[in-house]
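Next up, work-v2.txt (compact mmCIF, C-alpha atoms):
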```txt
# COMPACT_ATOMS: atom_id res chain seq x y z
CA MET K 6 242.50 27.78 -196.14
CA SER K 7 240.80 28.31 -192.76
CA TRP K 8 237.51 27.41 -191.11
CA GLU K 9 236.21 30.89 -192.01
CA ASP K 10 236.32 30.03 -195.70
CA ASN K 11 233.36 27.71 -195.16
CA ILE K 12 231.25 30.17 -193.21
CA ARG K 13 228.05 31.55 -194.75
CA LYS K 14 228.55 35.31 -194.53
CA VAL K 15 225.72 37.81 -194.88
CA VAL K 16 225.07 41.44 -194.00
CA PRO K 17 222.25 41.16 -191.44
CA TYR K 18 219.05 43.12 -191.27
CA VAL K 19 219.22 46.09 -188.90
CA ALA K 20 216.07 46.57 -186.84
CA GLY K 21 214.88 49.88 -185.46
CA GLU K 22 216.43 50.96 -182.20
CA GLN K 23 214.72 49.77 -179.00
CA PRO K 24 215.58 52.31 -176.28
CA LYS K 25 215.37 51.14 -172.67
CA ASP K 26 214.26 54.54 -171.37
CA ARG K 27 210.47 54.37 -170.98
CA ASN K 28 210.21 58.15 -171.23
CA ILE K 29 211.25 58.07 -174.88
CA ILE K 30 208.50 58.84 -177.39
CA LYS K 31 209.06 55.85 -179.65
CA LEU K 32 207.94 56.48 -183.21
CA ASN K 33 210.61 54.48 -185.03
CA THR K 34 209.44 50.87 -185.37
CA ASN K 35 205.77 51.03 -186.45
CA GLU K 36 204.51 49.36 -183.28
CA SER K 37 201.01 50.05 -182.02
CA PRO K 38 200.95 52.76 -179.34
CA TYR K 39 198.02 50.99 -177.67
CA PRO K 40 198.04 47.92 -175.44
CA PRO K 41 196.66 44.60 -176.68
CA SER K 42 193.04 43.62 -176.09
CA PRO K 43 192.04 43.02 -172.45
CA LEU K 44 191.17 39.49 -173.54
CA VAL K 45 194.88 38.90 -174.02
CA ALA K 46 195.60 39.46 -170.32
CA GLU K 47 192.78 37.09 -169.43
CA ALA K 48 194.18 34.43 -171.75
CA VAL K 49 197.59 34.65 -170.10
CA LYS K 50 196.03 34.21 -166.64
CA ASN K 51 194.12 31.13 -167.75
CA ILE K 52 197.10 29.21 -169.13
CA GLU K 53 198.08 26.32 -166.87
CA THR K 54 201.82 26.39 -166.27
CA ASP K 55 201.84 22.60 -166.43
CA GLN K 56 201.47 23.01 -170.19
CA LEU K 57 204.98 24.42 -170.35
CA ARG K 58 206.63 21.07 -169.55
CA LYS K 59 205.10 19.64 -172.73
CA TYR K 60 205.83 20.38 -176.36
CA PRO K 61 203.30 22.80 -177.85
CA ASP K 62 200.70 21.97 -180.49
CA THR K 63 202.67 21.92 -183.73
CA ASN K 64 199.59 22.93 -185.69
CA ALA K 65 198.63 25.80 -183.33
CA THR K 66 195.07 24.52 -183.71
CA GLU K 67 193.32 26.99 -181.39
CA LEU K 68 194.91 29.96 -183.15
CA VAL K 69 194.42 28.63 -186.68
CA GLU K 70 190.75 27.85 -186.04
CA GLU K 71 190.17 31.39 -184.80
CA MET K 72 192.03 32.78 -187.83
CA ALA K 73 189.84 30.74 -190.15
CA LYS K 74 186.70 32.24 -188.55
CA THR K 75 188.08 35.77 -188.59
CA TYR K 76 189.29 35.75 -192.20
CA GLY K 77 186.62 33.50 -193.70
CA VAL K 78 189.00 30.86 -195.01
CA SER K 79 189.68 27.17 -194.42
CA LYS K 80 192.28 26.01 -191.91
CA ASP K 81 194.11 24.47 -194.87
CA ASN K 82 194.55 27.97 -196.30
CA ILE K 83 196.59 29.12 -193.28
CA PHE K 84 200.22 28.89 -192.22
CA VAL K 85 201.39 30.41 -188.94
CA GLY K 86 204.89 31.35 -187.81
CA ILE K 87 206.93 33.40 -185.36
CA GLY K 88 206.03 36.80 -186.75
CA SER K 89 205.76 37.57 -190.45
CA ASP K 90 209.57 37.63 -190.65
CA ASP K 91 209.65 33.92 -189.88
CA VAL K 92 206.83 33.29 -192.36
CA LEU K 93 208.53 35.30 -195.10
CA ALA K 94 211.94 33.72 -194.50
CA LEU K 95 210.44 30.25 -194.84
CA ALA K 96 208.48 31.39 -197.90
CA PHE K 97 211.70 32.54 -199.60
CA LEU K 98 213.32 29.20 -198.78
CA THR K 99 210.31 27.22 -200.01
CA TYR K 100 209.17 29.00 -203.14
CA PHE K 101 212.30 30.51 -204.68
CA ASN K 102 214.30 27.49 -205.74
CA SER K 103 215.34 28.17 -209.32
CA ASP K 104 218.25 29.87 -211.04
CA LYS K 105 216.03 32.72 -212.21
CA GLN K 106 216.03 36.08 -210.46
CA VAL K 107 213.36 36.90 -207.91
CA ILE K 108 212.01 40.45 -208.28
CA PHE K 109 211.17 43.04 -205.63
CA PRO K 110 211.37 46.87 -205.46
CA ASP K 111 214.59 48.76 -204.80
CA ILE K 112 212.92 50.62 -201.94
CA THR K 113 210.98 48.17 -199.79
CA TYR K 114 211.26 46.08 -196.63
CA SER K 115 215.01 45.69 -196.22
CA PHE K 116 214.83 42.08 -195.05
CA TYR K 117 214.06 40.81 -198.57
CA ASP K 118 217.59 41.13 -199.91
CA VAL K 119 218.98 39.70 -196.65
CA TRP K 120 216.95 36.50 -197.07
CA ALA K 121 217.89 36.30 -200.74
CA GLU K 122 221.58 36.59 -199.85
CA LEU K 123 221.25 34.14 -196.95
CA TYR K 124 219.63 31.45 -199.10
CA ARG K 125 221.72 32.23 -202.19
CA ILE K 126 218.62 33.17 -204.17
CA PRO K 127 219.37 35.23 -207.30
CA TYR K 128 217.41 38.48 -207.29
CA VAL K 129 217.06 41.84 -208.97
CA THR K 130 215.42 45.00 -207.66
CA LYS K 131 213.16 47.21 -209.76
CA PRO K 132 213.22 50.96 -209.07
CA LEU K 133 210.12 52.70 -207.80
CA ASP K 134 209.04 55.71 -209.84
CA ASP K 135 209.82 59.26 -208.70
CA ASP K 136 206.70 59.26 -206.50
CA PHE K 137 207.75 55.98 -204.88
CA ASN K 138 205.12 53.89 -206.65
CA ILE K 139 205.74 50.35 -207.86
CA ILE K 140 205.80 50.18 -211.66
CA LYS K 141 203.50 47.28 -212.53
CA GLU K 142 205.09 46.58 -215.93
CA ASP K 143 208.46 45.78 -214.28
CA TYR K 144 206.91 42.62 -212.85
CA LEU K 145 205.37 41.38 -216.09
CA CYS K 146 208.45 39.50 -217.26
CA ASP K 147 210.26 36.20 -216.90
CA ASN K 148 211.49 35.75 -213.35
CA GLY K 149 211.97 33.36 -210.45
CA GLY K 150 209.23 34.84 -208.28
CA VAL K 151 207.83 38.17 -207.15
CA VAL K 152 207.66 39.84 -203.73
CA ILE K 153 205.59 42.99 -203.19
CA ALA K 154 204.92 44.73 -199.89
CA ASN K 155 201.51 46.34 -200.14
CA PRO K 156 201.25 48.95 -198.77
CA ASN K 157 204.96 49.29 -199.32
CA ALA K 158 207.45 49.99 -196.57
CA PRO K 159 209.01 52.38 -195.80
CA THR K 160 207.10 54.56 -198.28
CA GLY K 161 203.54 53.77 -197.15
CA ALA K 162 202.19 53.83 -200.72
CA GLU K 163 199.53 51.35 -201.82
CA MET K 164 199.40 49.50 -205.15
CA SER K 165 195.90 48.98 -206.52
CA ILE K 166 194.39 45.54 -206.14
CA ASP K 167 193.80 45.46 -209.91
CA ALA K 168 197.53 45.92 -210.52
CA ILE K 169 198.34 43.24 -207.95
CA GLU K 170 195.97 40.83 -209.65
CA GLU K 171 197.49 41.53 -213.07
CA ILE K 172 200.95 40.70 -211.70
CA VAL K 173 199.67 37.48 -210.11
CA ARG K 174 197.83 36.49 -213.30
CA PHE K 175 200.84 37.14 -215.53
CA ASN K 176 203.17 35.15 -213.26
CA LYS K 177 200.99 32.06 -213.11
CA ASP K 178 204.06 29.80 -213.29
CA ARG K 179 205.88 31.60 -210.47
CA VAL K 180 204.98 32.28 -206.85
CA VAL K 181 203.92 35.83 -206.01
CA ILE K 182 204.18 36.89 -202.37
CA VAL K 183 202.18 39.92 -201.25
CA ASP K 184 203.40 41.14 -197.87
CA GLU K 185 200.50 42.93 -196.15
CA ALA K 186 201.99 43.90 -192.80
CA TYR K 187 200.15 47.26 -192.90
CA VAL K 188 197.01 46.37 -194.81
CA ASP K 189 194.65 46.92 -191.87
CA PHE K 190 195.22 50.69 -191.85
CA GLY K 191 193.13 51.42 -194.93
CA ALA K 192 194.50 49.38 -197.83
CA THR K 193 192.75 46.65 -199.83
CA SER K 194 193.88 43.09 -199.14
CA ALA K 195 194.72 40.57 -201.85
CA LEU K 196 193.39 37.78 -199.63
CA PRO K 197 190.23 37.15 -201.73
CA LEU K 198 192.47 36.39 -204.72
CA ILE K 199 193.79 33.15 -203.18
CA ASP K 200 190.57 31.46 -204.32
CA ARG K 201 191.35 32.30 -207.93
CA TYR K 202 195.13 32.00 -208.16
CA ASP K 203 197.10 29.02 -206.87
CA ASN K 204 200.43 30.87 -207.18
CA LEU K 205 199.58 33.61 -204.66
CA VAL K 206 200.72 33.79 -201.03
CA VAL K 207 199.43 36.64 -198.84
CA VAL K 208 201.39 37.34 -195.65
CA GLN K 209 200.10 39.31 -192.65
CA THR K 210 201.12 39.93 -189.04
CA PHE K 211 199.79 40.59 -185.53
CA SER K 212 202.64 43.05 -184.87
CA LYS K 213 200.98 46.24 -186.09
CA SER K 214 197.19 46.48 -185.96
CA ARG K 215 196.80 43.73 -183.35
CA ALA K 216 199.30 45.45 -180.98
CA LEU K 217 201.25 42.22 -180.46
CA ALA K 218 204.74 42.87 -181.87
CA GLY K 219 206.27 41.36 -178.74
CA ILE K 220 204.51 38.02 -178.96
CA ARG K 221 205.54 37.30 -182.60
CA ILE K 222 202.66 35.96 -184.69
CA GLY K 223 202.61 36.00 -188.47
CA MET K 224 200.56 34.11 -191.01
CA ALA K 225 200.40 33.26 -194.68
CA PHE K 226 197.27 32.58 -196.71
CA GLY K 227 197.11 30.60 -199.93
CA ASN K 228 195.53 27.57 -201.53
CA PRO K 229 196.04 24.31 -199.59
CA LYS K 230 198.69 22.99 -201.97
CA ILE K 231 200.99 26.00 -201.81
CA ILE K 232 200.50 26.27 -198.03
CA GLY K 233 201.23 22.55 -197.74
CA TYR K 234 204.66 23.05 -199.30
CA LEU K 235 205.38 25.81 -196.78
CA LYS K 236 204.39 23.54 -193.90
CA ASP K 237 206.68 20.79 -195.23
CA VAL K 238 209.65 23.13 -195.03
CA LYS K 239 208.64 24.38 -191.58
CA PHE K 240 208.34 20.86 -190.19
CA SER K 241 211.73 20.02 -191.71
CA PHE K 242 213.19 23.03 -189.94
CA ASN K 243 211.44 23.31 -186.55
CA SER K 244 208.06 21.78 -185.73
CA TYR K 245 207.60 23.54 -182.39
CA THR K 246 207.49 27.21 -183.27
CA LEU K 247 204.53 28.78 -181.45
CA ASN K 248 204.41 28.22 -177.69
CA PRO K 249 201.18 27.82 -175.63
CA TYR K 250 201.18 31.47 -174.55
CA THR K 251 201.50 32.70 -178.12
CA ILE K 252 198.72 30.44 -179.36
CA ALA K 253 196.32 31.45 -176.59
CA ILE K 254 197.15 35.15 -176.85
CA GLY K 255 196.71 35.19 -180.61
CA ALA K 256 193.34 33.44 -180.43
CA ALA K 257 192.15 35.84 -177.70
CA ALA K 258 193.20 38.89 -179.71
CA LEU K 259 191.22 37.70 -182.72
CA LYS K 260 188.07 37.25 -180.65
CA ASP K 261 188.02 40.90 -179.55
CA ARG K 262 187.02 42.37 -182.90
CA GLU K 263 185.54 45.53 -181.42
CA TYR K 264 188.77 46.44 -179.63
CA TYR K 265 190.85 45.75 -182.75
CA ALA K 266 188.56 47.95 -184.85
CA ASP K 267 188.77 50.72 -182.26
CA ILE K 268 192.56 50.95 -181.99
CA THR K 269 192.97 50.64 -185.75
CA ALA K 270 190.50 53.48 -186.32
CA LYS K 271 192.33 55.60 -183.74
CA THR K 272 195.62 55.10 -185.56
CA VAL K 273 194.09 55.99 -188.93
CA LYS K 274 192.49 59.13 -187.47
CA THR K 275 195.81 60.19 -185.95
CA ARG K 276 197.60 59.54 -189.25
CA GLU K 277 195.18 61.70 -191.21
CA ARG K 278 195.54 64.52 -188.70
CA MET K 279 199.32 64.26 -188.83
CA LYS K 280 199.27 64.54 -192.61
CA ASN K 281 197.74 68.01 -192.25
CA GLU K 282 200.06 69.03 -189.41
CA LEU K 283 203.19 67.94 -191.24
CA LYS K 284 202.14 69.60 -194.50
CA GLN K 285 201.74 72.89 -192.65
CA LEU K 286 205.31 72.51 -191.38
CA GLY K 287 206.70 72.07 -194.90
CA PHE K 288 206.85 68.28 -195.15
CA THR K 289 205.88 66.36 -198.28
CA PHE K 290 205.06 62.66 -198.57
CA ALA K 291 203.23 60.04 -200.57
CA ASP K 292 199.72 59.25 -199.37
CA SER K 293 200.14 56.65 -196.63
CA LYS K 294 197.83 53.68 -196.06
CA THR K 295 199.91 52.43 -193.13
CA ASN K 296 200.55 53.36 -189.49
CA PHE K 297 203.42 55.65 -190.47
CA ILE K 298 204.24 58.61 -192.72
CA PHE K 299 207.39 58.71 -194.85
CA ALA K 300 208.23 62.39 -195.20
CA LYS K 301 210.88 64.87 -196.26
CA HIS K 302 211.10 68.57 -195.48
CA GLU K 303 211.14 71.25 -198.17
CA ARG K 304 214.38 72.85 -196.90
CA LEU K 305 215.80 70.99 -193.86
CA GLU K 306 217.88 67.82 -194.04
CA ALA K 307 216.27 64.68 -192.69
CA LYS K 308 219.38 63.65 -190.76
CA ASP K 309 219.39 66.99 -188.94
CA ILE K 310 215.69 66.74 -188.02
CA PHE K 311 216.28 63.14 -186.92
CA ALA K 312 219.13 64.19 -184.64
CA ALA K 313 217.17 67.09 -183.17
CA LEU K 314 214.16 64.88 -182.43
CA ARG K 315 216.38 62.23 -180.90
CA ALA K 316 218.02 64.77 -178.61
CA GLU K 317 214.52 65.71 -177.46
CA GLY K 318 213.72 62.06 -176.66
CA ILE K 319 211.58 61.50 -179.74
CA TYR K 320 212.74 58.59 -181.88
CA VAL K 321 211.80 58.33 -185.56
CA ARG K 322 213.48 56.20 -188.26
CA TYR K 323 216.16 57.53 -190.59
CA PHE K 324 217.50 55.43 -193.47
CA ASN K 325 220.93 56.39 -194.76
CA LYS K 326 220.33 54.77 -198.13
CA PRO K 327 220.25 55.95 -201.75
CA ARG K 328 217.09 57.82 -202.83
CA ILE K 329 215.60 57.88 -199.33
CA ASP K 330 218.36 59.48 -197.27
CA ASN K 331 216.42 62.72 -196.97
CA TYR K 332 213.27 61.09 -195.60
CA LEU K 333 212.04 60.23 -192.13
CA ARG K 334 209.64 57.43 -191.34
CA ILE K 335 207.38 58.56 -188.53
CA SER K 336 205.27 55.91 -186.81
CA MET K 337 201.92 56.94 -185.39
CA GLY K 338 201.84 57.15 -181.61
CA THR K 339 199.06 58.31 -179.34
CA ASP K 340 197.61 61.74 -180.00
CA GLU K 341 199.48 63.06 -176.97
CA GLN K 342 202.79 61.72 -178.28
CA MET K 343 202.21 63.12 -181.76
CA ASP K 344 201.25 66.52 -180.35
CA LYS K 345 204.55 66.65 -178.46
CA MET K 346 206.42 65.86 -181.64
CA ILE K 347 204.55 68.52 -183.62
CA ALA K 348 205.11 71.11 -180.88
CA PHE K 349 208.84 70.43 -180.95
CA LEU K 350 208.99 70.52 -184.76
CA LYS K 351 207.20 73.87 -184.85
CA GLY K 352 209.81 75.37 -182.59
CA TYR K 353 212.70 73.71 -184.38
CA ILE K 354 211.58 74.54 -187.92
CA ASN K 355 210.20 78.02 -187.33
CA GLY K 356 212.61 79.06 -184.61
```
Kindly present the structure from the file in structure tokens form.
Amino acid sequence: MSWEDNIRKVVPYVAGEQPKDRNIIKLNTNESPYPPSPLVAEAVKNIETDQLRKYPDTNATELVEEMAKTYGVSKDNIFVGIGSDDVLALAFLTYFNSDKQVIFPDITYSFYDVWAELYRIPYVTKPLDDDFNIIKEDYLCDNGGVVIANPNAPTGAEMSIDAIEEIVRFNKDRVVIVDEAYVDFGATSALPLIDRYDNLVVVQTFSKSRALAGIRIGMAFGNPKIIGYLKDVKFSFNSYTLNPYTIAIGAAALKDREYYADITAKTVKTRERMKNELKQLGFTFADSKTNFIFAKHERLEAKDIFAALRAEGIYVRYFNKPRIDNYLRISMGTDEQMDKMIAFLKGYING
């Protein structure tokens, strides 16, 4: 018997590589290639440093009020946390507290099984079909809760809102979490359903479309009762999560709706152009409604393309996992960055 016998041991989530070389074309972590709104810089300048000696507003009131205006919901419908990872981790801890298995896809955001293992939550994964679509019927069964990323990651495929609603309706006695990290790039949000279903929690983030991955803001939407339970767990864990800079920056970003719409539209336009470019080079992929494309080549191995791109200073994401080990996840950069990638691939594939 040793002290290690009482340690909680888990296999941690592995994030995408963050190279320190600024000359790298970084297309591996689904960040926005554009800077945040100019209003963000103004908000930072206007924060009085004297605020930093005090504890922050535990309710992040300024940010939550701006969220309520932006999304057309009540403040009681909103929970905020340190990125959607924090929100989702607390949601797992709060809502999945039975001996029944929680369900999520076999190919999805790879933090889900980490949280389940960390909190000792029983779970089972359901395989996507051969085209990487979620099979709705797999989630119409007895379970301990459901988690669906929509659009899914790393595949980029969207599940219809009708199918989402059927899953939520069937599981009325269990909590259904819909993780919408990429919803702003052309997918349909389940947010309107929170008015009809008290078992639904919709999670979103500022990390992708709001160009604020570094500041860490995530949020959950649901009816006041289910959000209240999430807040109870948060305040039992750490009341002071969002600092004054984060609160002010998040509120400022929400106010600049025109800028947000512009950079999101740019990303979508680039994605649609890249679909055509990659198809011409022999890549195939599911239709993406995200800020990335999950693709395989008709004759070249993904790991070899990954290595060649990396040697050229172009980072994409490669997953050495069953069923997806011949795919690359390519985040959308600026048009200039994507053109450099395509130019290299043309030489590499056709040379």
Can you write out as JSON lines which residues of range 46-89 of chain K fall within 9 Å of range 244-260 of chain K, alongside each residue's closest atom pair and its distance in Å to one decimal, counting all atoms listed in the file and ordering rows by chain and ascending residue number?
```
{"residue": "K:Ala46", "atom": "CA", "partner": "K:Ile254", "partner_atom": "CA", "distance": 8.0}
{"residue": "K:Glu47", "atom": "CA", "partner": "K:Ala257", "partner_atom": "CA", "distance": 8.4}
{"residue": "K:Ala48", "atom": "CA", "partner": "K:Ile254", "partner_atom": "CA", "distance": 5.9}
{"residue": "K:Val49", "atom": "CA", "partner": "K:Tyr250", "partner_atom": "CA", "distance": 6.5}
{"residue": "K:Ile52", "atom": "CA", "partner": "K:Tyr250", "partner_atom": "CA", "distance": 7.2}
{"residue": "K:Gln56", "atom": "CA", "partner": "K:Pro249", "partner_atom": "CA", "distance": 7.3}
{"residue": "K:Leu57", "atom": "CA", "partner": "K:Pro249", "partner_atom": "CA", "distance": 7.3}
{"residue": "K:Tyr60", "atom": "CA", "partner": "K:Tyr245", "partner_atom": "CA", "distance": 7.0}
{"residue": "K:Pro61", "atom": "CA", "partner": "K:Asn248", "partner_atom": "CA", "distance": 5.5}
{"residue": "K:Asp62", "atom": "CA", "partner": "K:Tyr245", "partner_atom": "CA", "distance": 7.3}
{"residue": "K:Thr63", "atom": "CA", "partner": "K:Tyr245", "partner_atom": "CA", "distance": 5.4}
{"residue": "K:Asn64", "atom": "CA", "partner": "K:Ser244", "partner_atom": "CA", "distance": 8.5}
{"residue": "K:Ala65", "atom": "CA", "partner": "K:Ile252", "partner_atom": "CA", "distance": 6.1}
{"residue": "K:Thr66", "atom": "CA", "partner": "K:Ile252", "partner_atom": "CA", "distance": 8.2}
{"residue": "K:Glu67", "atom": "CA", "partner": "K:Ala256", "partner_atom": "CA", "distance": 6.5}
{"residue": "K:Leu68", "atom": "CA", "partner": "K:Ala256", "partner_atom": "CA", "distance": 4.7}
{"residue": "K:Val69", "atom": "CA", "partner": "K:Ala256", "partner_atom": "CA", "distance": 8.0}
{"residue": "K:Glu70", "atom": "CA", "partner": "K:Ala256", "partner_atom": "CA", "distance": 8.3}
{"residue": "K:Glu71", "atom": "CA", "partner": "K:Ala256", "partner_atom": "CA", "distance": 5.8}
{"residue": "K:Met72", "atom": "CA", "partner": "K:Leu259", "partner_atom": "CA", "distance": 7.1}
{"residue": "K:Thr75", "atom": "CA", "partner": "K:Leu259", "partner_atom": "CA", "distance": 6.9}
{"residue": "K:Val85", "atom": "CA", "partner": "K:Leu247", "partner_atom": "CA", "distance": 8.3}
{"residue": "K:Gly86", "atom": "CA", "partner": "K:Thr246", "partner_atom": "CA", "distance": 6.7}
{"residue": "K:Ile87", "atom": "CA", "partner": "K:Leu247", "partner_atom": "CA", "distance": 6.5}
```
(Q) One number please: CA of Val321 in chain K to CA of Leu32 in chain K, in Å, one decimal. (A) 4.9 Å
Q.
What does the structure give for the distance between CA of Thr210 in chain K and CA of Glu282 in chain K, in Å to one decimal?
A. 29.1 Å
Q: Identify, on the basis of all atoms listed in the file, every residue whose closest approach to Ile310 in chain K does not exceed 9 Å; exclude the query and any residue fewer than 4 positions from it along the same chain; express the result as an MDAnalysis selection string.
A: chainID K and resid 302 305:306 314:315 333 350 353:354
Q) Which residue, K:Val78, K:Ala348, K:Leu283, K:Ile139, has the smallest gap to Ile335 in chain K when you use only C-alpha atoms? A) K:Leu283
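Note that CA of Met224 in chain K and CA of Thr339 in chain K are 26.9 Å apart.
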Report as a tab-separated table the residues of range 173-226 of chain K within 9 Å of range 264-274 of chain K, each with its shortest atom pair and distance in Å (one decimal), using all atoms listed in the file, ordered by chain and increasing residue number.
```
residue	atom	partner	partner_atom	distance
K:Asp189	CA	K:Thr269	CA	7.4
K:Phe190	CA	K:Val273	CA	6.2
K:Gly191	CA	K:Val273	CA	7.6
K:Ser214	CA	K:Thr269	CA	5.9
K:Arg215	CA	K:Tyr265	CA	6.3
K:Ala216	CA	K:Tyr265	CA	8.6
```
Near Glu341 in chain K, counting all atoms listed in the file, which residues have an atom at most 12 Å away, once you skip same-chain residues fewer than 5 positions from it, shown as a PDB file with C-alpha atoms, in the coordinates of the input?
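And here's around_2.pdb as it stands now:
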```
ATOM      1  CA  ILE K  30     208.500  58.840-177.390  1.00  0.00           C
ATOM      2  CA  PRO K  38     200.950  52.760-179.340  1.00  0.00           C
ATOM      3  CA  THR K 275     195.810  60.190-185.950  1.00  0.00           C
ATOM      4  CA  MET K 279     199.320  64.260-188.830  1.00  0.00           C
ATOM      5  CA  MET K 346     206.420  65.860-181.640  1.00  0.00           C
ATOM      6  CA  ILE K 347     204.550  68.520-183.620  1.00  0.00           C
ATOM      7  CA  ALA K 348     205.110  71.110-180.880  1.00  0.00           C
TER       8      ALA K 348
END
```
Q) From the list K:Val45, K:Arg179, K:Tyr234, K:Asp10, which residue is nearest Ile220 in chain K when using only C-alpha atoms? A) K:Val45
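Proximity to Ile232 in chain K was assessed for K:Arg304, K:Lys80, K:Lys294, K:Arg276 counting all atoms listed in the file; the smallest distance is recorded for K:Lys80.
Proximity ranking of K:Ser293, K:Thr130, K:Asn228, K:Asn281 relative to Ile83 in chain K places K:Asn228 first, based on all atoms listed in the file.
Nearest to Asp184 in chain K of all the residues K:Leu145, K:Val16, K:Met337, K:Leu93 is K:Leu93, based on all atoms listed in the file.
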Q.
Env of Pro127 in chain K: 12 Å cut, atoms = all atoms listed in the file, seq-sep filter 2 positions within chain, self excluded. Answer as a ChimeraX atom specification.
A. /K:97,101-109,117-125,129-130,148-151
Selection: 12 Å around Arg27 in chain K, all atoms listed in the file, excl. self and same-chain fewer than 6 positions, as a PDB file with C-alpha atoms, keeping the file's coordinate frame:
```
ATOM      1  CA  GLY K 318     213.720  62.060-176.660  1.00  0.00           C
ATOM      2  CA  ILE K 319     211.580  61.500-179.740  1.00  0.00           C
ATOM      3  CA  TYR K 320     212.740  58.590-181.880  1.00  0.00           C
TER       4      TYR K 320
END
```
Q) Of the candidates K:Ile172, K:Ala307, K:Ile231, K:Ile112, which shows the shortest atom-to-atom distance to Ala195 in chain K, using only C-alpha atoms? A) K:Ile172
Q | 9 Å contact set for Asp292 in chain K, only C-alpha atoms, chain neighbours under 5 positions out, as number ranges by chain | A | K: 160-163, 280, 298-299
I need the residues from that last selection saved to file as a PDB file, in the coordinates of the input (with C-alpha atoms), if you can.
```pdb
ATOM      1  CA  THR K 160     207.100  54.560-198.280  1.00  0.00           C
ATOM      2  CA  GLY K 161     203.540  53.770-197.150  1.00  0.00           C
ATOM      3  CA  ALA K 162     202.190  53.830-200.720  1.00  0.00           C
ATOM      4  CA  GLU K 163     199.530  51.350-201.820  1.00  0.00           C
ATOM      5  CA  LYS K 280     199.270  64.540-192.610  1.00  0.00           C
ATOM      6  CA  ILE K 298     204.240  58.610-192.720  1.00  0.00           C
ATOM      7  CA  PHE K 299     207.390  58.710-194.850  1.00  0.00           C
TER       8      PHE K 299
END
```
Using the partial input, fill out range 164-178 of chain K with N, CA and C atoms; write the result as a tab-separated table (two decimals), keeping the file's coordinate frame.
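Output contents, as saved in part.tsv:
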```
chain	number	residue	atom	x	y	z
K	164	MET	N	199.61	49.89	-203.75
K	164	MET	CA	199.40	49.50	-205.15
K	164	MET	C	197.97	49.01	-205.28
K	165	SER	N	197.31	49.36	-206.36
K	165	SER	CA	195.90	48.98	-206.52
K	165	SER	C	195.76	47.47	-206.58
K	166	ILE	N	194.63	46.97	-206.12
K	166	ILE	CA	194.39	45.54	-206.14
K	166	ILE	C	194.29	45.02	-207.57
K	167	ASP	N	193.85	45.87	-208.50
K	167	ASP	CA	193.80	45.46	-209.91
K	167	ASP	C	195.21	45.22	-210.46
K	168	ALA	N	196.14	46.09	-210.08
K	168	ALA	CA	197.53	45.92	-210.52
K	168	ALA	C	198.15	44.67	-209.90
K	169	ILE	N	197.86	44.45	-208.61
K	169	ILE	CA	198.34	43.24	-207.95
K	169	ILE	C	197.83	42.00	-208.68
K	170	GLU	N	196.55	42.00	-208.99
K	170	GLU	CA	195.97	40.83	-209.65
K	170	GLU	C	196.59	40.62	-211.03
K	171	GLU	N	196.87	41.69	-211.75
K	171	GLU	CA	197.49	41.53	-213.07
K	171	GLU	C	198.87	40.89	-212.95
K	172	ILE	N	199.63	41.28	-211.93
K	172	ILE	CA	200.95	40.70	-211.70
K	172	ILE	C	200.83	39.22	-211.35
K	173	VAL	N	199.87	38.88	-210.50
K	173	VAL	CA	199.67	37.48	-210.11
K	173	VAL	C	199.24	36.65	-211.33
K	174	ARG	N	198.33	37.20	-212.12
K	174	ARG	CA	197.83	36.49	-213.30
K	174	ARG	C	198.94	36.25	-214.32
K	175	PHE	N	199.76	37.27	-214.55
K	175	PHE	CA	200.84	37.14	-215.53
K	175	PHE	C	201.85	36.08	-215.08
K	176	ASN	N	202.14	36.05	-213.78
K	176	ASN	CA	203.17	35.15	-213.26
K	176	ASN	C	202.59	33.83	-212.77
K	177	LYS	N	201.70	33.26	-213.54
K	177	LYS	CA	200.99	32.06	-213.11
K	177	LYS	C	201.91	30.86	-212.88
K	178	ASP	N	203.11	30.89	-213.47
K	178	ASP	CA	204.06	29.80	-213.29
K	178	ASP	C	205.12	30.10	-212.25
```
